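Chemist: Got a structure here, written out as structure tokens. Questions coming.
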Amino acid sequence: MPLSHLNPEQFAAASAPFGHNLIIASAGTGKTSTIVARIAHLLSSGVEASKILLLTFTNKAAAEMLSRLAKKFDKSVISRVSAGTFHATAYALLRANGFDITLKQPSELKLLLKSIVGQRKFHHISDIGAFSAAYLYELYSFFQNTGGDDFEEWFRSKNSEQSVYSAIYADILREFEEEKKRFGYADFNDLLLYLKRALKEGDIAQEFTEILVDEYQDTNLLQSSLIDAFGAKSLFCVGDYDQSIYAFNGADISIIGSFKERYKDAKIYALNTNYRSSQSILKLANRVIAINPRLYEKELKVGREGAFSQPRLLVYDDLFAQYKGIAQIISSLKVPSDEIAVIFRNNSSADGVEIALKELGIASKRKGSGSFFESREIKALISLVSLLLNGKDIMAFIDVAQYFKGLGEAKSKQIFELLSQCGAGDAIAGLLRPDPKATITHKRRKNYELGLFDDELSVSENLPASIKNHKIASFLSTEGGEFLSDLLYFLKALKGVKDASACLGLIIASPIYEKIATAIAHKKSIRKDKSIDESQKELTKERIIHRARSLESIAKNYKDLSAFYNFLSLSDSQMSAGSGVSLLSVHASKGLEFEAVFVIDLAQNRFPNIRLSSGAGGIEEERRLFYVAVTRAKNELFLSYAKYDKNGKISYEPSQFLKEAGFKIEKE
DNA sequence: ACTACGCCCCTTTTT
DNA sequence: GGGGCGTAGT
């Protein structure tokens, strides 16, 4: 039984009676084991598995806890436990209840918002520069996550100078909501908002006996209100206010702080024995974090004994010398590289470290950061998948169309609109089965009427046979016709194929993807003198197909295309394949532990990041970030910074956290 | 009106 | 290396 090897504190928490339980679990105190034991306790006491909901911060964490439980319980029981991130859980519940939603990444919705902002004028109101669409999106997201109600009012109370635009911004966002609805889009926040509303209005009746919340300190008001909307009989919230580092996403430390006041029957448990870090590491971490206000009493006890090396401060003259020096130390450590992490405040630090390690032949892995899923060829592949699932997805349509010469954003949009009219809002349906009764209207461009491009008839003549008789054929250019013909062929080839991996295989083999791959390879093979490097082009194309194939093999794990698409949209920190030294931002390091940890670029302005510390969480949040970073270390901890940057143009002061940790730093 | 292309900007943290 | 913006070209 998992409960048998718990310490008394952990046991008390794991076997707590039903009710509103808050477990204050400091870093390294066996939080995961306690949650696993709690679920085991619930199952053993006869709670039906499907009445348990486990909310974690990453899907990986949820999967890990379930796999631990699978060792003690029947797999068919464990598979009935609902577990995942807030977002993954909400998505699953909404879909299971018939909500038809296409989840879109923030980057794509920023693009959609941008197209709306672009049509607005601001300068007739004021000379003040208006916010960019990206910034407005983030602001709106923050507003939603912090439980906001009236954007315009909220905005005015927060931002005095930009208040002149508050009405326009609010109207833009109203239109944004309409557009999202029209194209069937939802973003991360929408998942939570939709579910919350559905629960409140009784559209979804999902009862849980107990909801367990991991990383409770990073819950924001939207998430907190969603927990309440479930109306579960019992809560088991596990967190540590000293590790709250998501204020920028609306995480509110007062949610954990006010637990006692919000729930009358609240019981507070504390896990105080640290089994992870050596005494000297813990001492350093606690000394710094003690400067922050204490929300609950903590008496940290060291669970490990033995002789460990003291944390070391490494000071370098130059930024690059720092990365090189760290790589050198790493190569000399007698620790497996998988047990080493380099942790930084800003992702911009990662490149230098990666290069320095590479030079010494040391393998490293970085979390997802762009590369694979954001590459053009994978994005196009996902867009094609998206179109199969959602015929209203205009952004996927434009993304695919752009690889056909002569089709840019505006032309693609026009074609999409025409097709939509043939398919009652669904462009793909409009292409496959145009409604003969639909009347289509098209805003003709003036230039056409002036006869500037007079080959309208000959253009139609050139259309591929498959598209010649389509209702919108008379509006199409040769390129547009070619694109729709390829798309039509693609849709017919994939019709009725459910298996995700088979789908991907067919997509990759389709003429439309072949054209896309060729177009991308072509662009990447243009030499400086504008000639084409043909051998390079072939090589790039092979690499593109190879990458596409690796996505195909990932798809094998999913039962159908829409399950696979869900994974693509929701999966956290996409695959950190291979082995080697982990390169992590502090946020990405959350929940992990390593034998040896390097916290780098500990310079004032860099870490703490001064620009950010003036924002939501303030310097206290930066201090918590420092606390999280150093408490990842089990045995060895190295702290470092450089006095100057590469070009010596900027000089850095040591981070205030180094002083707070008790390091004596000599003056120049 | 729209697309293609070259040049300059910068780069917080995550589901 | 990507996105924003001005310019040339269809």
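How things are named: the first chain in the structure tokens is A, the next is B, and so on; residues count from 1 in each chain; ligands count from 1 in the order shown.
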Please find the residues of chain B near chain A - the criterion being any atom within 10 Å, counting only C-alpha atoms (C1' of nucleotides) - and write them as number ranges by chain.

Modeler: B: 1-4, 11-15

Chemist: Which residues, written as a list of chain:residue names, have at least one atom at most 12 Å from DC5 (chain C), with only C-alpha atoms (C1' of nucleotides) counted and residues fewer than 6 positions away on the same chain left out?

Modeler: B:DC5, B:DG6, B:DC7, B:DC8, B:DC9

Chemist: Out of region 282-319 of chain A, which residues get strand (DSSP E or B) from DSSP, as number ranges by chain?

Modeler: A: 301-302, 312-318

Chemist: Using only C-alpha atoms (C1' of nucleotides), determine which residues lie at most 12 Å from DC10 (chain B), disregarding the query and same-chain residues fewer than 6 positions distant; provide the list as an mmCIF file with C-alpha atoms (C1' of nucleotides), in the first residue's frame.

Modeler:
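Saved the output as part39.cif:
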```
data_model
loop_
_atom_site.group_PDB
_atom_site.id
_atom_site.type_symbol
_atom_site.label_atom_id
_atom_site.label_comp_id
_atom_site.auth_asym_id
_atom_site.auth_seq_id
_atom_site.Cartn_x
_atom_site.Cartn_y
_atom_site.Cartn_z
ATOM 1 C CA SER A 348 17.704 34.117 -23.925
ATOM 2 C "C1'" DG C 1 15.712 33.654 -37.337
ATOM 3 C "C1'" DG C 2 11.082 35.807 -37.324
ATOM 4 C "C1'" DG C 3 8.056 39.766 -37.723
ATOM 5 C "C1'" DG C 4 7.109 44.731 -39.225
#
```

Chemist: Can you list every residue in region 86-274 of chain A that DSSP puts in alpha helix (DSSP H), as a ChimeraX atom specification?

Modeler: /A:86-96,106-117,133-145,151-158,166-183,188-200,221-230,253-257,259-262

Chemist: Which residue out of A:Glu374, A:Glu620, A:Glu595, A:Glu653 has the minimum interatomic distance to chain C when only C-alpha atoms (C1' of nucleotides) are used?

Modeler: A:Glu374

Chemist: List as a JSON list (two decimals) with N, CA and C atoms, in the first residue's frame the protein and nucleic acid residues near Ser163 (chain A), meaning an atom at most 12 Å away when only C-alpha atoms (C1' of nucleotides) are counted, but skip any in the same chain fewer than 4 places from it.

Modeler:
```json
[["chain", "number", "residue", "atom", "x", "y", "z"],
["A", 125, "ILE", "N", -8.66, 60.12, -32.20],
["A", 125, "ILE", "CA", -9.01, 60.30, -30.80],
["A", 125, "ILE", "C", -7.86, 60.89, -30.00],
["A", 126, "SER", "N", -6.67, 60.38, -30.27],
["A", 126, "SER", "CA", -5.54, 60.82, -29.48],
["A", 126, "SER", "C", -4.23, 60.54, -30.21],
["A", 128, "ILE", "N", -1.70, 59.35, -28.62],
["A", 128, "ILE", "CA", -1.08, 58.25, -27.89],
["A", 128, "ILE", "C", -1.09, 56.99, -28.76],
["A", 129, "GLY", "N", 0.05, 56.33, -28.83],
["A", 129, "GLY", "CA", 0.14, 55.10, -29.60],
["A", 129, "GLY", "C", -0.73, 54.02, -29.00],
["A", 130, "ALA", "N", -1.52, 53.35, -29.85],
["A", 130, "ALA", "CA", -2.41, 52.31, -29.35],
["A", 130, "ALA", "C", -1.63, 51.02, -29.11],
["A", 131, "PHE", "N", -2.16, 50.18, -28.24],
["A", 131, "PHE", "CA", -1.53, 48.89, -27.95],
["A", 131, "PHE", "C", -1.54, 48.00, -29.19],
["A", 151, "PHE", "N", -14.67, 44.38, -19.18],
["A", 151, "PHE", "CA", -13.32, 44.74, -19.62],
["A", 151, "PHE", "C", -13.09, 46.24, -19.63],
["A", 152, "GLU", "N", -14.05, 46.95, -20.20],
["A", 152, "GLU", "CA", -13.86, 48.40, -20.36],
["A", 152, "GLU", "C", -13.62, 49.07, -19.01],
["A", 153, "GLU", "N", -14.43, 48.69, -18.05],
["A", 153, "GLU", "CA", -14.32, 49.27, -16.72],
["A", 153, "GLU", "C", -12.99, 48.87, -16.07],
["A", 154, "TRP", "N", -12.69, 47.57, -16.20],
["A", 154, "TRP", "CA", -11.44, 47.04, -15.63],
["A", 154, "TRP", "C", -10.26, 47.78, -16.22],
["A", 155, "PHE", "N", -10.30, 47.97, -17.54],
["A", 155, "PHE", "CA", -9.20, 48.60, -18.25],
["A", 155, "PHE", "C", -9.00, 50.05, -17.80],
["A", 156, "ARG", "N", -10.11, 50.76, -17.69],
["A", 156, "ARG", "CA", -10.04, 52.17, -17.29],
["A", 156, "ARG", "C", -9.47, 52.33, -15.89],
["A", 157, "SER", "N", -9.82, 51.41, -15.02],
["A", 157, "SER", "CA", -9.35, 51.51, -13.64],
["A", 157, "SER", "C", -7.86, 51.19, -13.53],
["A", 158, "LYS", "N", -7.35, 50.49, -14.52],
["A", 158, "LYS", "CA", -5.96, 50.05, -14.46],
["A", 158, "LYS", "C", -5.01, 50.96, -15.19],
["A", 159, "ASN", "N", -5.51, 51.56, -16.27],
["A", 159, "ASN", "CA", -4.62, 52.20, -17.20],
["A", 159, "ASN", "C", -5.11, 53.58, -17.55],
["A", 167, "ALA", "N", -13.02, 52.27, -24.89],
["A", 167, "ALA", "CA", -14.25, 51.88, -25.59],
["A", 167, "ALA", "C", -13.93, 51.13, -26.89],
["A", 168, "ILE", "N", -12.88, 51.64, -27.61],
["A", 168, "ILE", "CA", -12.49, 50.96, -28.85],
["A", 168, "ILE", "C", -11.97, 49.56, -28.55],
["A", 169, "TYR", "N", -11.10, 49.48, -27.55],
["A", 169, "TYR", "CA", -10.56, 48.17, -27.19],
["A", 169, "TYR", "C", -11.70, 47.19, -26.86],
["A", 170, "ALA", "N", -12.63, 47.67, -26.07],
["A", 170, "ALA", "CA", -13.74, 46.79, -25.67],
["A", 170, "ALA", "C", -14.53, 46.34, -26.90]]
```

Chemist: When you look at Leu637 (chain A) with a cut-off of 9 Å (counting only C-alpha atoms (C1' of nucleotides)), what residues show up, excluding the ones that are within fewer than 5 positions of it in the same chain? I need them as a list of chain:residue names.

Modeler: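 These residues fall inside the cut-off: A:Ile281, A:Ser309, A:Gln310, A:Pro311, A:Arg312, A:Leu313, A:Glu595, A:Ala596, A:Val597, A:Phe598, A:Val599, A:Val630.
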